[in-house]
file work.cif (mmCIF, C-alpha atoms; chains and numbers go by the auth columns)
data_structure
#
loop_
_atom_site.group_PDB
_atom_site.id
_atom_site.type_symbol
_atom_site.label_atom_id
_atom_site.label_comp_id
_atom_site.label_asym_id
_atom_site.label_seq_id
_atom_site.Cartn_x
_atom_site.Cartn_y
_atom_site.Cartn_z
_atom_site.B_iso_or_equiv
_atom_site.auth_seq_id
_atom_site.auth_asym_id
ATOM 1 C CA MET A 1 119.338 53.780 72.561 0.00 1 A
ATOM 2 C CA SER A 2 116.149 53.392 70.598 0.00 2 A
ATOM 3 C CA GLU A 3 113.469 50.839 71.378 0.00 3 A
ATOM 4 C CA GLU A 4 114.486 48.854 68.298 0.00 4 A
ATOM 5 C CA GLU A 5 118.133 48.824 69.406 0.00 5 A
ATOM 6 C CA PHE A 6 117.116 47.751 72.912 0.00 6 A
ATOM 7 C CA TYR A 7 115.149 44.721 71.710 0.00 7 A
ATOM 8 C CA LYS A 8 118.003 43.732 69.400 0.00 8 A
ATOM 9 C CA TRP A 9 120.430 43.960 72.349 0.00 9 A
ATOM 10 C CA LEU A 10 118.032 42.001 74.576 0.00 10 A
ATOM 11 C CA GLY A 11 117.618 39.265 71.976 0.00 11 A
ATOM 12 C CA GLU A 12 121.370 38.952 71.577 0.00 12 A
ATOM 13 C CA ARG A 13 121.801 38.644 75.361 0.00 13 A
ATOM 14 C CA LEU A 14 119.097 35.982 75.555 0.00 14 A
ATOM 15 C CA ARG A 15 120.752 34.054 72.725 0.00 15 A
ATOM 16 C CA ASP A 16 124.129 34.302 74.465 0.00 16 A
ATOM 17 C CA LEU A 17 122.638 33.095 77.763 0.00 17 A
ATOM 18 C CA ARG A 18 120.896 30.205 76.004 0.00 18 A
ATOM 19 C CA LYS A 19 124.154 29.176 74.351 0.00 19 A
ATOM 20 C CA LEU A 20 126.017 29.394 77.666 0.00 20 A
ATOM 21 C CA LYS A 21 123.485 26.878 78.979 0.00 21 A
ATOM 22 C CA LYS A 22 124.262 24.738 75.900 0.00 22 A
ATOM 23 C CA GLN A 23 120.639 24.667 74.777 0.00 23 A
ATOM 24 C CA THR A 24 119.360 24.786 71.245 0.00 24 A
ATOM 25 C CA GLN A 25 116.341 26.881 70.374 0.00 25 A
ATOM 26 C CA GLU A 26 114.347 23.669 70.001 0.00 26 A
ATOM 27 C CA GLU A 27 115.320 22.422 73.467 0.00 27 A
ATOM 28 C CA LEU A 28 114.480 25.724 75.100 0.00 28 A
ATOM 29 C CA CYS A 29 111.152 25.929 73.305 0.00 29 A
ATOM 30 C CA GLN A 30 110.140 22.486 74.548 0.00 30 A
ATOM 31 C CA ASN A 31 110.478 23.700 78.137 0.00 31 A
ATOM 32 C CA TYR A 32 109.139 27.194 77.508 0.00 32 A
ATOM 33 C CA HIS A 33 106.215 26.121 75.279 0.00 33 A
ATOM 34 C CA LEU A 34 107.033 28.571 72.514 0.00 34 A
ATOM 35 C CA ALA A 35 107.393 28.074 68.785 0.00 35 A
ATOM 36 C CA ARG A 36 111.027 28.017 67.679 0.00 36 A
ATOM 37 C CA SER A 37 110.290 30.713 65.099 0.00 37 A
ATOM 38 C CA SER A 38 108.969 32.979 67.865 0.00 38 A
ATOM 39 C CA LEU A 39 112.123 32.472 69.915 0.00 39 A
ATOM 40 C CA ALA A 40 114.222 33.159 66.825 0.00 40 A
ATOM 41 C CA ASN A 41 112.351 36.443 66.329 0.00 41 A
ATOM 42 C CA ILE A 42 112.926 37.391 69.978 0.00 42 A
ATOM 43 C CA GLU A 43 116.634 36.618 69.661 0.00 43 A
ATOM 44 C CA ARG A 44 116.834 38.748 66.496 0.00 44 A
ATOM 45 C CA GLY A 45 115.049 41.651 68.170 0.00 45 A
ATOM 46 C CA ARG A 46 112.073 41.405 65.827 0.00 46 A
ATOM 47 C CA HIS A 47 109.586 40.540 68.558 0.00 47 A
ATOM 48 C CA MET A 48 109.011 42.512 71.757 0.00 48 A
ATOM 49 C CA ILE A 49 108.865 40.163 74.725 0.00 49 A
ATOM 50 C CA SER A 50 106.782 41.225 77.719 0.00 50 A
ATOM 51 C CA ALA A 51 108.412 41.612 81.111 0.00 51 A
ATOM 52 C CA TYR A 52 106.498 38.605 82.447 0.00 52 A
ATOM 53 C CA ASN A 53 107.437 36.378 79.524 0.00 53 A
ATOM 54 C CA LEU A 54 111.039 37.497 79.916 0.00 54 A
ATOM 55 C CA TYR A 55 110.824 36.450 83.561 0.00 55 A
ATOM 56 C CA LEU A 56 109.425 33.034 82.574 0.00 56 A
ATOM 57 C CA LEU A 57 112.071 32.539 79.896 0.00 57 A
ATOM 58 C CA LEU A 58 114.837 33.325 82.366 0.00 58 A
ATOM 59 C CA GLN A 59 113.328 30.843 84.834 0.00 59 A
ATOM 60 C CA VAL A 60 113.435 28.107 82.190 0.00 60 A
ATOM 61 C CA LEU A 61 117.059 29.042 81.462 0.00 61 A
ATOM 62 C CA ASP A 62 117.705 29.030 85.231 0.00 62 A
ATOM 63 C CA VAL A 63 119.320 32.442 84.919 0.00 63 A
ATOM 64 C CA PRO A 64 118.747 35.357 87.311 0.00 64 A
ATOM 65 C CA LEU A 65 117.452 38.603 85.846 0.00 65 A
ATOM 66 C CA GLU A 66 120.686 40.347 86.828 0.00 66 A
ATOM 67 C CA SER A 67 122.558 38.167 84.319 0.00 67 A
ATOM 68 C CA LEU A 68 120.988 40.125 81.486 0.00 68 A
ATOM 69 C CA PHE A 69 122.816 43.223 82.599 0.00 69 A
ATOM 70 C CA ASN A 70 126.281 41.722 83.047 0.00 70 A
ATOM 71 C CA SER A 71 126.928 42.988 79.539 0.00 71 A
ATOM 72 C CA PRO A 72 126.560 46.775 79.276 0.00 72 A
ATOM 73 C CA LEU A 73 123.929 48.292 77.062 0.00 73 A
ATOM 74 C CA GLN A 74 125.630 49.458 73.909 0.00 74 A
ATOM 75 C CA ASN A 75 125.391 53.090 72.774 0.00 75 A
ATOM 76 C CA ARG A 76 123.675 54.313 75.911 0.00 76 A
ATOM 77 C CA ASP A 77 122.475 57.838 75.477 0.00 77 A
ATOM 78 C CA SER A 78 122.500 59.573 78.853 0.00 78 A
ATOM 79 C CA THR A 79 119.891 62.055 77.624 0.00 79 A
ATOM 80 C CA ASN A 80 117.317 59.267 77.200 0.00 80 A
ATOM 81 C CA LYS A 81 115.886 59.128 80.686 0.00 81 A
ATOM 82 C CA ILE A 82 112.538 57.939 81.910 0.00 82 A
ATOM 83 C CA SER A 83 110.555 60.943 83.024 0.00 83 A
ATOM 84 C CA SER A 84 107.521 60.963 85.234 0.00 84 A
#
call {"tool": "encode", "arguments": {"input": "work.cif", "output": "structure tokens"}}
result
Amino acid sequence: MSEEEFYKWLGERLRDLRKLKKQTQEELCQNYHLARSSLANIERGRHMISAYNLYLLLQVLDVPLESLFNSPLQNRDSTNKISS
């Protein structure tokens, strides 16, 4: 999976989690202090969210980090491994 594909997957998962919580982008942005257009770009995979901001966003959604990975990463390439 490429970096671009990862951020698209991540954005889709965040959108799905937000919708499960029955929140609009506007409602979430009021609590997260983010412009709605920025959240839209994150959900579309056009904006790379930092690990810390991801953590904060999940706190506002009241969703544990593990919930992101309840849906498998699509098109995982087993040859793409983090090397030291």
call {"tool": "residues_around", "arguments": {"input": "work.cif", "residues": "Asn41 (chain A)", "least_positions_apart": "2", "cutoff": "12 Å", "atoms": "all atoms listed in the file", "output": "PyMOL selection string"}}
result
chain A and resi 7-8+10-12+14-15+25+34-39+43-49
call {"tool": "atom_distance", "arguments": {"input": "work.cif", "atom1": "CA of Ser67 (chain A)", "atom2": "CA of Glu27 (chain A)"}}
result
20.4 Å
call {"tool": "atom_distance", "arguments": {"input": "work.cif", "atom1": "CA of Asn31 (chain A)", "atom2": "CA of Val60 (chain A)"}}
result
6.7 Å
call {"tool": "closest_residue", "arguments": {"input": "work.cif", "among": "A:Lys22, A:Ile42, A:Leu56, A:Tyr32", "to": "Phe6 (chain A)", "atoms": "all atoms listed in the file"}}
result
A:Ile42
call {"tool": "closest_residue", "arguments": {"input": "work.cif", "among": "A:Ala40, A:Phe69, A:Asp62, A:Tyr52", "to": "Glu26 (chain A)", "atoms": "all atoms listed in the file"}}
result
A:Ala40
call {"tool": "resolve_selection", "arguments": {"input": "work.cif", "expression": "the PyMOL selection byres ((chain A and resi 63) around 12)", "output": "list of chain:residue names"}}
result
A:Arg13, A:Leu14, A:Asp16, A:Leu17, A:Arg18, A:Leu20, A:Lys21, A:Leu54, A:Tyr55, A:Leu56, A:Leu57, A:Leu58, A:Gln59, A:Val60, A:Leu61, A:Asp62, A:Pro64, A:Leu65, A:Glu66, A:Ser67, A:Leu68, A:Phe69, A:Asn70
call {"tool": "closest_residue", "arguments": {"input": "work.cif", "among": "A:His33, A:Thr24, A:Glu4, A:Lys19", "to": "Asn53 (chain A)", "atoms": "only C-alpha atoms"}}
result
A:His33
